[in-house]
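All remarks here apply to the structure that follows.
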Amino acid sequence: MVSEPRVPNSPEAARTPNAPVLWNSFANMASLAGHAVTIVRGEGSYVYDDRGRPYLDALASLWYCNVGHGRAELADAAVAQMRQLAAYQTFEPFTNPPAEALARRVAALAPVPGAKVFLTPGGGSDAVDTAAKLARSYWRATGQESKQVTIARSHAYHGMNAYGTSLGGIPANTDPFVPLVGHIQHVAWDDAPALEKAIETVGAGRVAAFFCEPVIGAGGVYPPPEGYLAAVREICRRHDVLFIADEVITGFGRTGAWFASERFALDPDMIITAKGLSSGYAPIGAVIAGARVAEPFWRPGSAEVFRHGYTYAGHPTACAVAAANLDLIEREHLVARVASLEPVLADALAPLAGHDLVAEVRAGTGLLAAVEIAGDARTADPGLGPRLVAEIRERGVITRLLRGAALQISPPFVITEGEIGRIAAVFGAAFDAVART
Ligand SMILES: Cc1ncc(COP(=O)(O)O)c(C=O)c1O
């Protein structure tokens with residue numbers, strides 16, 4: 001169900017009290033009039049629009065609402081912390097108990113020995129920029145200042161800050177902003193020898209880090225090809241290039257392990273996290289730095305300072321909410337639940353692969369999946385993807401297009417087997433309906 005048509009954006013309309021002013025992310029504001037979907041409430045795997053219509057949230061919003069919507073415990077944690085100390089900065093000597101406790105907890109959960117945790121305030125993009133700057137600072141601090149180039153992959157999504165945009169491998173997101181941050185190279189997402197070649201071409205003495213989503217997310221949900229992650233990890237080690245796992249989507253359970261780095265035995269130098277850390281109940285991220293990266297800055301007597309930080313880093317309320325979210329994940333055994341639902345989701349979606357309009361179904365890594373729309377059909381009819389998304393929503397399920405090509409499925413961890421079946425059935429019905437038109 002769509003909301004009331006918006007008032008057109010004429011100068012006269014702009015003076016009317018109901019003229020829209022909210023500028024949506026990634027939206028064509030010229031054509032949004034009459035198509036905005038106003039979400040007012042959420043509970044479990046469902047959200048509700050302003051007319052009371054329920055939608056099964058196959059996205060967990062944007063891959064983050066892992067404990068499900070409407071969890072009162074998390075609101076209670078925020079209220080309790082706000083009454084005590086809503087916010088205080090963590091620059092220089094200042095700290096606070098929720099930030100200290102959360103950092104300790106994240107370090108203990110992460111498969112990163114000797115981890116130190118840098119908290120970031122605004123989601124994954126802040127954490128990506130923090131990790132990129134930390135990698136370069138690390139090499140400067142260890143006397144190898146020429147190691148400043150970072151390498152990322154095609155299809156990659158590392159957020160929308162300047163560094164993350166530049167590391168991204170989705171041309172539609174990067175092309176409008178050239179020239180981008182310099183000292184960045186890209187390699188094909190699935191080609192380990194290409195990484196080695198790029199390092200050798202640039203010169204290992206100039207390469208700081210390799211950024212890698214263990215499972216590519218916004219680029220289309222691509223699980224790693226067999227052997228790929230082990231190969232790139234080994235290449236980075238051999239050439240002394242820091243391996244940075246961007247686990248903004250995969251961190252805190254989405255692949256059926258607390259971290260994909262654990263599932264794929266990555267032994268990363270840094271892990272970037274956000275979304276699932278708080279299930280989105282408060283914006284917060286964390287960069288988990290391994291002992292090697294932390295050492296030059298933490299070694300007794302060191303004068304090195306990582307000159308980086310954010311006003312809301314270590315925000316007590318956000319940290320308290322994140323801790324309560326981790327409590328919920330542990331208490332309800334949600335990581336194990338994801339592992340047990342992995343084959344249920346893959347089996348439910350598998351029949352869609354036989355549809356004429358489907359190129360491929362990618363599933364089998366936790367609660368992450370995508371249904372790729374047939375390329376020839378998309379070329380013949382560029383409106384096909386958006387029509388499918390609309391048809392699916394009309395049937396009460398929210399999904400979206402990734403890279404203009406694939407439909408995202410990343411539900412809350414609390415989703416039931418029945419609800420997974422409903423997502424698959426609605427997708428099938430929508431593909432059938434679109435095929436008939
Ligand atoms: C892998 C990855 N890194 C970074 C980000 C950026 O996170 P945010 O949008 O919270 O800034 C995202 C967002 O989807 C992501 O998927």
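Identifiers in this document derive from the order of the structure tokens: chains are assigned A, B, ..., residues are numbered from 1 separately in each chain, and ligands are numbered from 1 in order of occurrence.
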Let me see if you get this right: every residue at most 7 Å from ligand 1, counting only C-alpha atoms and all ligand atoms, written as an mmCIF file with N, CA, C and O atoms, in the first residue's frame.
```cif
data_model
loop_
_atom_site.group_PDB
_atom_site.id
_atom_site.type_symbol
_atom_site.label_atom_id
_atom_site.label_comp_id
_atom_site.auth_asym_id
_atom_site.auth_seq_id
_atom_site.Cartn_x
_atom_site.Cartn_y
_atom_site.Cartn_z
ATOM 1 N N LEU A 62 17.815 -2.970 6.380
ATOM 2 C CA LEU A 62 18.963 -3.091 5.455
ATOM 3 C C LEU A 62 19.964 -4.061 6.068
ATOM 4 O O LEU A 62 21.018 -3.653 6.531
ATOM 5 N N GLY A 122 28.370 5.961 13.383
ATOM 6 C CA GLY A 122 27.307 6.175 12.409
ATOM 7 C C GLY A 122 26.956 5.002 11.534
ATOM 8 O O GLY A 122 26.289 5.167 10.524
ATOM 9 N N GLY A 123 27.416 3.818 11.840
ATOM 10 C CA GLY A 123 27.154 2.692 10.949
ATOM 11 C C GLY A 123 28.433 2.248 10.271
ATOM 12 O O GLY A 123 29.543 2.664 10.633
ATOM 13 N N GLY A 124 28.274 1.413 9.234
ATOM 14 C CA GLY A 124 29.432 0.779 8.618
ATOM 15 C C GLY A 124 30.367 1.731 7.901
ATOM 16 O O GLY A 124 31.586 1.509 7.866
ATOM 17 N N SER A 125 29.822 2.799 7.315
ATOM 18 C CA SER A 125 30.687 3.690 6.532
ATOM 19 C C SER A 125 31.769 4.321 7.403
ATOM 20 O O SER A 125 32.926 4.439 6.986
ATOM 21 N N ASP A 126 31.401 4.723 8.604
ATOM 22 C CA ASP A 126 32.405 5.287 9.518
ATOM 23 C C ASP A 126 33.454 4.233 9.870
ATOM 24 O O ASP A 126 34.643 4.540 10.001
ATOM 25 N N VAL A 128 34.377 1.662 8.034
ATOM 26 C CA VAL A 128 35.228 1.421 6.857
ATOM 27 C C VAL A 128 36.308 2.498 6.767
ATOM 28 O O VAL A 128 37.499 2.202 6.589
ATOM 29 N N TYR A 157 30.831 -3.444 -1.759
ATOM 30 C CA TYR A 157 30.145 -2.289 -1.175
ATOM 31 C C TYR A 157 30.779 -2.036 0.186
ATOM 32 O O TYR A 157 30.762 -2.907 1.052
ATOM 33 N N HIS A 158 31.375 -0.867 0.343
ATOM 34 C CA HIS A 158 32.011 -0.540 1.620
ATOM 35 C C HIS A 158 31.470 0.777 2.172
ATOM 36 O O HIS A 158 32.190 1.535 2.808
ATOM 37 N N GLY A 159 30.203 1.048 1.897
ATOM 38 C CA GLY A 159 29.581 2.238 2.454
ATOM 39 C C GLY A 159 29.743 3.446 1.567
ATOM 40 O O GLY A 159 30.311 3.379 0.471
ATOM 41 N N MET A 160 29.247 4.564 2.065
ATOM 42 C CA MET A 160 29.079 5.743 1.218
ATOM 43 C C MET A 160 29.888 6.939 1.670
ATOM 44 O O MET A 160 29.739 8.026 1.126
ATOM 45 N N GLU A 213 34.796 -8.341 1.658
ATOM 46 C CA GLU A 213 33.559 -8.836 2.280
ATOM 47 C C GLU A 213 33.594 -10.366 2.150
ATOM 48 O O GLU A 213 33.633 -10.869 1.018
ATOM 49 N N GLY A 217 27.788 -8.548 -0.236
ATOM 50 C CA GLY A 217 26.390 -8.303 0.113
ATOM 51 C C GLY A 217 25.667 -7.455 -0.907
ATOM 52 O O GLY A 217 25.023 -7.979 -1.843
ATOM 53 N N ALA A 218 25.799 -6.129 -0.769
ATOM 54 C CA ALA A 218 25.024 -5.218 -1.611
ATOM 55 C C ALA A 218 25.368 -5.358 -3.093
ATOM 56 O O ALA A 218 24.582 -4.969 -3.959
ATOM 57 N N ASP A 246 35.474 -6.943 5.857
ATOM 58 C CA ASP A 246 34.324 -6.063 6.065
ATOM 59 C C ASP A 246 33.123 -6.938 6.396
ATOM 60 O O ASP A 246 32.498 -7.539 5.518
ATOM 61 N N GLU A 247 32.839 -6.996 7.705
ATOM 62 C CA GLU A 247 31.740 -7.850 8.183
ATOM 63 C C GLU A 247 30.558 -6.990 8.661
ATOM 64 O O GLU A 247 29.874 -7.352 9.614
ATOM 65 N N VAL A 248 30.352 -5.875 7.983
ATOM 66 C CA VAL A 248 29.231 -5.009 8.366
ATOM 67 C C VAL A 248 27.910 -5.781 8.243
ATOM 68 O O VAL A 248 27.018 -5.642 9.077
ATOM 69 N N ILE A 249 27.800 -6.617 7.226
ATOM 70 C CA ILE A 249 26.601 -7.451 7.086
ATOM 71 C C ILE A 249 26.769 -8.778 7.826
ATOM 72 O O ILE A 249 25.874 -9.237 8.533
ATOM 73 N N ALA A 274 29.155 -3.298 12.062
ATOM 74 C CA ALA A 274 28.164 -2.254 12.384
ATOM 75 C C ALA A 274 26.806 -2.960 12.564
ATOM 76 O O ALA A 274 26.632 -3.709 13.516
ATOM 77 N N LYS A 275 25.942 -2.779 11.609
ATOM 78 C CA LYS A 275 24.558 -3.263 11.594
ATOM 79 C C LYS A 275 24.153 -4.220 12.748
ATOM 80 O O LYS A 275 23.437 -3.855 13.653
#
```
message: Could you list, as JSON, numbers by chain, every residue within 12 Å of Leu384 (chain A), counting only C-alpha atoms and ignoring same-chain residues fewer than 4 positions away?
response: {"A": [357, 358, 372, 373, 374, 375, 376, 377, 378, 379, 380, 388, 389, 390, 391, 401, 404, 405, 406, 407, 430, 431, 433, 434, 435, 437]}
Could you dump the residues just selected with N, CA and C atoms as a PDB file, in the first residue's frame?
```
ATOM      1  N   LEU A 357      12.416 -16.441 -15.845  1.00  0.00           N
ATOM      2  CA  LEU A 357      12.947 -15.095 -15.596  1.00  0.00           C
ATOM      3  C   LEU A 357      14.068 -15.076 -14.560  1.00  0.00           C
ATOM      4  N   VAL A 358      14.469 -16.252 -14.086  1.00  0.00           N
ATOM      5  CA  VAL A 358      15.510 -16.313 -13.049  1.00  0.00           C
ATOM      6  C   VAL A 358      16.789 -16.888 -13.643  1.00  0.00           C
ATOM      7  N   GLU A 372      18.769 -13.869  -8.744  1.00  0.00           N
ATOM      8  CA  GLU A 372      19.257 -13.058  -9.873  1.00  0.00           C
ATOM      9  C   GLU A 372      18.253 -13.154 -11.021  1.00  0.00           C
ATOM     10  N   ILE A 373      17.851 -11.987 -11.521  1.00  0.00           N
ATOM     11  CA  ILE A 373      16.886 -11.953 -12.627  1.00  0.00           C
ATOM     12  C   ILE A 373      17.639 -12.200 -13.933  1.00  0.00           C
ATOM     13  N   ALA A 374      17.036 -12.964 -14.823  1.00  0.00           N
ATOM     14  CA  ALA A 374      17.699 -13.333 -16.084  1.00  0.00           C
ATOM     15  C   ALA A 374      18.179 -12.072 -16.821  1.00  0.00           C
ATOM     16  N   GLY A 375      19.446 -12.097 -17.244  1.00  0.00           N
ATOM     17  CA  GLY A 375      20.067 -10.917 -17.850  1.00  0.00           C
ATOM     18  C   GLY A 375      19.391 -10.499 -19.143  1.00  0.00           C
ATOM     19  N   ASP A 376      19.021 -11.488 -20.005  1.00  0.00           N
ATOM     20  CA  ASP A 376      18.416 -11.117 -21.286  1.00  0.00           C
ATOM     21  C   ASP A 376      17.055 -10.455 -21.066  1.00  0.00           C
ATOM     22  N   ALA A 377      16.332 -10.949 -20.060  1.00  0.00           N
ATOM     23  CA  ALA A 377      15.014 -10.361 -19.773  1.00  0.00           C
ATOM     24  C   ALA A 377      15.173  -8.938 -19.248  1.00  0.00           C
ATOM     25  N   ARG A 378      16.200  -8.706 -18.446  1.00  0.00           N
ATOM     26  CA  ARG A 378      16.438  -7.346 -17.920  1.00  0.00           C
ATOM     27  C   ARG A 378      16.839  -6.394 -19.034  1.00  0.00           C
ATOM     28  N   THR A 379      17.664  -6.909 -19.971  1.00  0.00           N
ATOM     29  CA  THR A 379      18.094  -6.049 -21.077  1.00  0.00           C
ATOM     30  C   THR A 379      16.888  -5.688 -21.943  1.00  0.00           C
ATOM     31  N   ALA A 380      16.047  -6.691 -22.196  1.00  0.00           N
ATOM     32  CA  ALA A 380      14.881  -6.438 -23.046  1.00  0.00           C
ATOM     33  C   ALA A 380      13.889  -5.501 -22.357  1.00  0.00           C
ATOM     34  N   LEU A 388       9.122  -6.253 -10.401  1.00  0.00           N
ATOM     35  CA  LEU A 388       9.124  -7.419  -9.516  1.00  0.00           C
ATOM     36  C   LEU A 388       9.100  -6.995  -8.048  1.00  0.00           C
ATOM     37  N   VAL A 389       9.935  -6.003  -7.722  1.00  0.00           N
ATOM     38  CA  VAL A 389       9.967  -5.519  -6.334  1.00  0.00           C
ATOM     39  C   VAL A 389       8.574  -5.035  -5.927  1.00  0.00           C
ATOM     40  N   ALA A 390       7.914  -4.298  -6.844  1.00  0.00           N
ATOM     41  CA  ALA A 390       6.575  -3.763  -6.548  1.00  0.00           C
ATOM     42  C   ALA A 390       5.554  -4.887  -6.417  1.00  0.00           C
ATOM     43  N   GLU A 391       5.630  -5.876  -7.307  1.00  0.00           N
ATOM     44  CA  GLU A 391       4.690  -7.012  -7.250  1.00  0.00           C
ATOM     45  C   GLU A 391       4.850  -7.772  -5.928  1.00  0.00           C
ATOM     46  N   LEU A 401      16.153  -4.405  -5.048  1.00  0.00           N
ATOM     47  CA  LEU A 401      17.083  -4.817  -6.106  1.00  0.00           C
ATOM     48  C   LEU A 401      18.508  -4.522  -5.698  1.00  0.00           C
ATOM     49  N   GLY A 404      20.828  -3.601  -9.443  1.00  0.00           N
ATOM     50  CA  GLY A 404      19.856  -3.592 -10.531  1.00  0.00           C
ATOM     51  C   GLY A 404      19.542  -4.966 -11.076  1.00  0.00           C
ATOM     52  N   ALA A 405      20.067  -6.021 -10.434  1.00  0.00           N
ATOM     53  CA  ALA A 405      20.004  -7.339 -11.058  1.00  0.00           C
ATOM     54  C   ALA A 405      19.416  -8.449 -10.186  1.00  0.00           C
ATOM     55  N   ALA A 406      19.554  -8.338  -8.880  1.00  0.00           N
ATOM     56  CA  ALA A 406      19.182  -9.469  -8.015  1.00  0.00           C
ATOM     57  C   ALA A 406      18.299  -8.991  -6.874  1.00  0.00           C
ATOM     58  N   LEU A 407      17.402  -9.863  -6.441  1.00  0.00           N
ATOM     59  CA  LEU A 407      16.492  -9.533  -5.342  1.00  0.00           C
ATOM     60  C   LEU A 407      17.087 -10.045  -4.031  1.00  0.00           C
ATOM     61  N   ALA A 430       5.051 -13.582  -7.799  1.00  0.00           N
ATOM     62  CA  ALA A 430       5.379 -12.310  -8.460  1.00  0.00           C
ATOM     63  C   ALA A 430       6.095 -12.566  -9.787  1.00  0.00           C
ATOM     64  N   PHE A 431       7.005 -13.524  -9.817  1.00  0.00           N
ATOM     65  CA  PHE A 431       7.678 -13.844 -11.092  1.00  0.00           C
ATOM     66  C   PHE A 431       6.644 -14.324 -12.119  1.00  0.00           C
ATOM     67  N   ALA A 433       3.457 -13.549 -12.192  1.00  0.00           N
ATOM     68  CA  ALA A 433       2.601 -12.421 -12.596  1.00  0.00           C
ATOM     69  C   ALA A 433       3.320 -11.540 -13.608  1.00  0.00           C
ATOM     70  N   VAL A 434       4.608 -11.285 -13.352  1.00  0.00           N
ATOM     71  CA  VAL A 434       5.379 -10.423 -14.257  1.00  0.00           C
ATOM     72  C   VAL A 434       5.578 -11.107 -15.602  1.00  0.00           C
ATOM     73  N   ALA A 435       5.741 -12.431 -15.576  1.00  0.00           N
ATOM     74  CA  ALA A 435       5.944 -13.166 -16.832  1.00  0.00           C
ATOM     75  C   ALA A 435       4.707 -13.092 -17.720  1.00  0.00           C
ATOM     76  N   THR A 437       2.728 -10.521 -18.018  1.00  0.00           N
ATOM     77  CA  THR A 437       2.416  -9.166 -18.532  1.00  0.00           C
ATOM     78  C   THR A 437       3.264  -8.820 -19.753  1.00  0.00           C
TER      79      THR A 437
END
```
- request: Excluding Ala80 (chain A) and any residue of its chain fewer than 2 positions from it, enumerate the residues within 12 Å of it, using only C-alpha atoms, and give them as a ChimeraX atom specification.
  value: /A:73-78,82-86,98,316-318,320-321,324
task: Enumerate, as a VMD selection string, the complete set of residues in region 45-174 of chain A that a backbone-based DSSP assignment places in strand (DSSP E).
output: chain A and resid 46 to 49 54 to 57 116 to 120 149 to 153
How close does region 383-416 of chain A get to region 23-33 of chain A? List, as JSON lines, each residue of region 383-416 of chain A within 12 Å, its nearest atom pair and the distance in Å to one decimal, counting only C-alpha atoms.
```
{"residue": "A:Arg400", "atom": "CA", "partner": "A:Phe26", "partner_atom": "CA", "distance": 11.9}
{"residue": "A:Leu401", "atom": "CA", "partner": "A:Phe26", "partner_atom": "CA", "distance": 11.7}
{"residue": "A:Leu402", "atom": "CA", "partner": "A:Phe26", "partner_atom": "CA", "distance": 11.9}
{"residue": "A:Arg403", "atom": "CA", "partner": "A:Phe26", "partner_atom": "CA", "distance": 12.0}
```
query: Quick one: residues within 12 Å of Ser302 (chain A), only C-alpha atoms counted, chain neighbours fewer than 6 positions away excluded, as a ChimeraX atom specification?
result: /A:141-142,294-296
field: Residues within 10 Å of Glu196 (chain A), only C-alpha atoms, excluding chain neighbours under 3 positions, as a list in words
entry: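 Everything that qualifies: Val187, Asp191, Ala192, Pro193, Ile199, Glu200, Thr201, Ala204, Ala231, Val232, Glu234, Ile235, Cys236, Arg238 and His239 of chain A.
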Distance in Å - CA of Pro223 (chain A) versus CA of Gly276 (chain A):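 Going from CA of Pro223 (chain A) over to CA of Gly276 (chain A), I get 18.6 Å.
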message: Going by DSSP on the backbone, which residues of region 209-402 of chain A come out as alpha helix (DSSP H)? List them as a PyMOL selection string.
response: chain A and resi 228-238+260-263+291-298+316-331+334-349+375-380+384-394
Would you save the residues of that selection, restricted to C-alpha atoms, as a compact mmCIF listing (two decimals), in the first residue's frame?
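File produced: result-v5.txt:
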```txt
# COMPACT_ATOMS: atom_id res chain seq x y z
CA TYR A 228 38.93 -18.11 -2.84
CA LEU A 229 39.13 -16.75 0.71
CA ALA A 230 41.91 -19.14 1.77
CA ALA A 231 43.87 -18.15 -1.34
CA VAL A 232 43.56 -14.37 -0.89
CA ARG A 233 44.32 -14.67 2.81
CA GLU A 234 47.50 -16.54 2.01
CA ILE A 235 48.50 -14.04 -0.69
CA CYS A 236 48.08 -11.13 1.75
CA ARG A 237 50.16 -12.91 4.38
CA ARG A 238 52.94 -13.73 1.90
CA ALA A 260 32.17 -15.01 8.84
CA SER A 261 35.89 -14.73 9.59
CA GLU A 262 35.36 -17.64 11.98
CA ARG A 263 33.30 -19.66 9.52
CA ALA A 291 47.26 -7.36 18.14
CA ARG A 292 49.67 -6.61 15.31
CA VAL A 293 47.80 -3.51 14.15
CA ALA A 294 47.26 -2.24 17.69
CA GLU A 295 50.82 -2.81 18.89
CA PRO A 296 52.56 0.36 17.65
CA PHE A 297 49.84 2.50 19.23
CA TRP A 298 49.42 0.57 22.50
CA PRO A 316 26.97 5.33 26.08
CA THR A 317 23.35 4.90 25.01
CA ALA A 318 24.27 3.26 21.71
CA CYS A 319 26.73 1.00 23.54
CA ALA A 320 24.13 -0.02 26.15
CA VAL A 321 21.67 -0.87 23.38
CA ALA A 322 24.30 -2.89 21.53
CA ALA A 323 25.13 -4.83 24.71
CA ALA A 324 21.44 -5.60 25.26
CA ASN A 325 21.22 -6.75 21.63
CA LEU A 326 24.15 -9.15 22.15
CA ASP A 327 22.41 -10.39 25.31
CA LEU A 328 19.32 -11.20 23.25
CA ILE A 329 21.33 -12.98 20.55
CA GLU A 330 23.02 -15.10 23.20
CA ARG A 331 19.94 -15.77 25.32
CA LEU A 334 20.05 -16.80 17.47
CA VAL A 335 23.40 -17.59 15.86
CA ALA A 336 22.64 -21.32 16.06
CA ARG A 337 19.17 -20.54 14.76
CA VAL A 338 20.67 -18.90 11.66
CA ALA A 339 22.81 -21.99 11.07
CA SER A 340 19.76 -24.23 11.32
CA LEU A 341 17.68 -22.00 9.02
CA GLU A 342 20.43 -21.82 6.37
CA PRO A 343 19.29 -25.00 4.53
CA VAL A 344 15.62 -24.11 5.07
CA LEU A 345 16.09 -20.82 3.20
CA ALA A 346 18.21 -22.41 0.48
CA ASP A 347 15.69 -25.25 -0.04
CA ALA A 348 12.72 -22.87 -0.09
CA LEU A 349 14.28 -20.65 -2.74
CA GLY A 375 20.07 -10.92 -17.85
CA ASP A 376 18.42 -11.12 -21.29
CA ALA A 377 15.01 -10.36 -19.77
CA ARG A 378 16.44 -7.35 -17.92
CA THR A 379 18.09 -6.05 -21.08
CA ALA A 380 14.88 -6.44 -23.05
CA LEU A 384 11.43 -5.66 -14.99
CA GLY A 385 13.39 -5.53 -11.72
CA PRO A 386 11.48 -2.59 -10.22
CA ARG A 387 8.18 -4.21 -11.31
CA LEU A 388 9.12 -7.42 -9.52
CA VAL A 389 9.97 -5.52 -6.33
CA ALA A 390 6.58 -3.76 -6.55
CA GLU A 391 4.69 -7.01 -7.25
CA ILE A 392 6.37 -8.67 -4.27
CA ARG A 393 5.50 -5.74 -2.02
CA GLU A 394 1.89 -5.77 -3.25
```
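One finds CA of Thr150 (chain A) at 27.8 Å from CA of Ala108 (chain A).
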field: Polymer residues at most 12 Å from Thr174 (chain A), only C-alpha atoms, same-chain spacing of 5 or more positions, as a VMD selection string
entry: chain A and resid 154 to 169 179 to 181
task: Check the smallest atom-to-atom distance from each of A:Ala172, A:Val37, A:Ala127, A:Leu277 to Arg105 (chain A) using only C-alpha atoms, then report the winner.
output: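 Of the candidates, the smallest distance to Arg105 (chain A) is held by A:Leu277.
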message: Using only C-alpha atoms for the distances, tell me which of A:Arg71, A:Arg104, A:His35, A:Arg362 is nearest to Gly220 (chain A).
response: A:Arg362
Distance of CA of Ile170 (chain A) from CA of Val67 (chain A), expressed in Å to one decimal place: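 Calculated distance between CA of Val67 (chain A) and CA of Ile170 (chain A) is 29.2 Å.
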task: Counting only C-alpha atoms, figure out which residue out of A:Leu56, A:Ala36, A:Pro17, A:Ala257 gets nearest to Gly418 (chain A).
output: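 Checking each of A:Leu56, A:Ala36, A:Pro17, A:Ala257 against Gly418 (chain A), counting only C-alpha atoms, the winner is A:Leu56.
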message: Given only C-alpha atoms as the basis, pick out the residue of A:Gly143, A:Gly366, A:Val40, A:Tyr312 nearest to Ala282 (chain A).
response: A:Tyr312
task: Choose the residue, out of A:Met270, A:Val221, A:Ala194, A:Ile415, that has the smallest atom-to-atom separation from Tyr46 (chain A); count only C-alpha atoms.
output: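 Distance minimum relative to Tyr46 (chain A) lands on A:Ile415.
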message: List as a PyMOL selection string the protein and nucleic acid residues near His315 (chain A), meaning an atom at most 12 Å away when only C-alpha atoms are counted, but skip any in the same chain fewer than 6 places from it.
response: chain A and resi 78+81-82+85-91+94-100+102-103+118-122+282-286+309+321-322
Grab the residues selected above and save them as a compact mmCIF listing (two decimals), in the first residue's frame with N, CA and C atoms.
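Contents of the output file again.txt:
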```
# COMPACT_ATOMS: atom_id res chain seq x y z
N ALA A 78 18.02 1.46 26.42
CA ALA A 78 18.29 2.86 26.03
C ALA A 78 17.79 3.83 27.10
N GLN A 81 19.97 3.78 30.28
CA GLN A 81 21.26 4.44 30.09
C GLN A 81 21.08 5.96 29.93
N MET A 82 20.03 6.35 29.22
CA MET A 82 19.80 7.80 29.04
C MET A 82 19.56 8.49 30.38
N LEU A 85 23.38 8.44 31.97
CA LEU A 85 24.30 9.31 31.20
C LEU A 85 23.99 9.04 29.74
N ALA A 86 23.28 9.95 29.11
CA ALA A 86 22.85 9.70 27.72
C ALA A 86 24.05 9.64 26.79
N ALA A 87 24.95 10.62 26.92
CA ALA A 87 26.06 10.71 25.98
C ALA A 87 27.23 11.40 26.65
N TYR A 88 28.41 10.94 26.29
CA TYR A 88 29.61 11.69 26.63
C TYR A 88 30.71 11.26 25.68
N GLN A 89 31.55 12.19 25.33
CA GLN A 89 32.60 11.94 24.35
C GLN A 89 33.66 10.97 24.89
N THR A 90 34.39 10.33 23.96
CA THR A 90 35.50 9.46 24.37
C THR A 90 36.81 9.94 23.75
N PHE A 91 36.93 11.23 23.52
CA PHE A 91 38.22 11.76 23.05
C PHE A 91 39.22 11.75 24.21
N PHE A 94 38.74 10.49 28.10
CA PHE A 94 37.40 10.18 28.60
C PHE A 94 36.91 8.80 28.15
N THR A 95 36.24 8.14 29.05
CA THR A 95 35.66 6.84 28.74
C THR A 95 34.36 6.71 29.54
N ASN A 96 33.64 5.65 29.32
CA ASN A 96 32.41 5.44 30.09
C ASN A 96 32.16 3.94 30.18
N PRO A 97 31.45 3.49 31.21
CA PRO A 97 31.30 2.05 31.42
C PRO A 97 30.64 1.29 30.26
N PRO A 98 29.57 1.80 29.63
CA PRO A 98 29.00 1.01 28.52
C PRO A 98 29.97 0.83 27.35
N ALA A 99 30.77 1.86 27.05
CA ALA A 99 31.73 1.73 25.95
C ALA A 99 32.83 0.73 26.30
N GLU A 100 33.32 0.82 27.53
CA GLU A 100 34.36 -0.13 27.97
C GLU A 100 33.83 -1.57 27.92
N LEU A 102 31.27 -2.81 26.23
CA LEU A 102 30.97 -3.30 24.88
C LEU A 102 32.26 -3.66 24.15
N ALA A 103 33.26 -2.81 24.26
CA ALA A 103 34.54 -3.09 23.58
C ALA A 103 35.10 -4.43 24.07
N PHE A 118 37.86 -0.16 18.27
CA PHE A 118 37.62 1.27 18.04
C PHE A 118 36.14 1.42 17.68
N LEU A 119 35.37 2.07 18.55
CA LEU A 119 33.93 2.19 18.30
C LEU A 119 33.64 3.39 17.38
N THR A 120 32.71 3.19 16.48
CA THR A 120 32.34 4.25 15.54
C THR A 120 30.85 4.53 15.67
N PRO A 121 30.43 5.74 15.36
CA PRO A 121 29.07 6.13 15.71
C PRO A 121 28.00 5.93 14.65
N GLY A 122 28.37 5.96 13.38
CA GLY A 122 27.31 6.18 12.41
C GLY A 122 26.96 5.00 11.53
N ALA A 282 20.30 1.22 17.61
CA ALA A 282 21.04 2.48 17.74
C ALA A 282 22.15 2.41 16.71
N PRO A 283 22.48 3.55 16.08
CA PRO A 283 23.57 3.51 15.10
C PRO A 283 24.91 3.35 15.81
N ILE A 284 25.65 2.32 15.45
CA ILE A 284 26.96 2.08 16.06
C ILE A 284 27.73 1.07 15.21
N GLY A 285 29.03 1.23 15.18
CA GLY A 285 29.90 0.27 14.50
C GLY A 285 31.15 0.06 15.33
N ALA A 286 31.98 -0.87 14.86
CA ALA A 286 33.22 -1.14 15.58
C ALA A 286 34.26 -1.65 14.60
N GLY A 309 38.72 10.09 15.13
CA GLY A 309 37.68 9.89 16.14
C GLY A 309 36.42 10.64 15.74
N VAL A 321 22.63 -0.17 24.26
CA VAL A 321 21.67 -0.87 23.38
C VAL A 321 22.35 -2.04 22.68
N ALA A 322 23.57 -1.81 22.21
CA ALA A 322 24.30 -2.89 21.53
C ALA A 322 24.53 -4.06 22.49
```
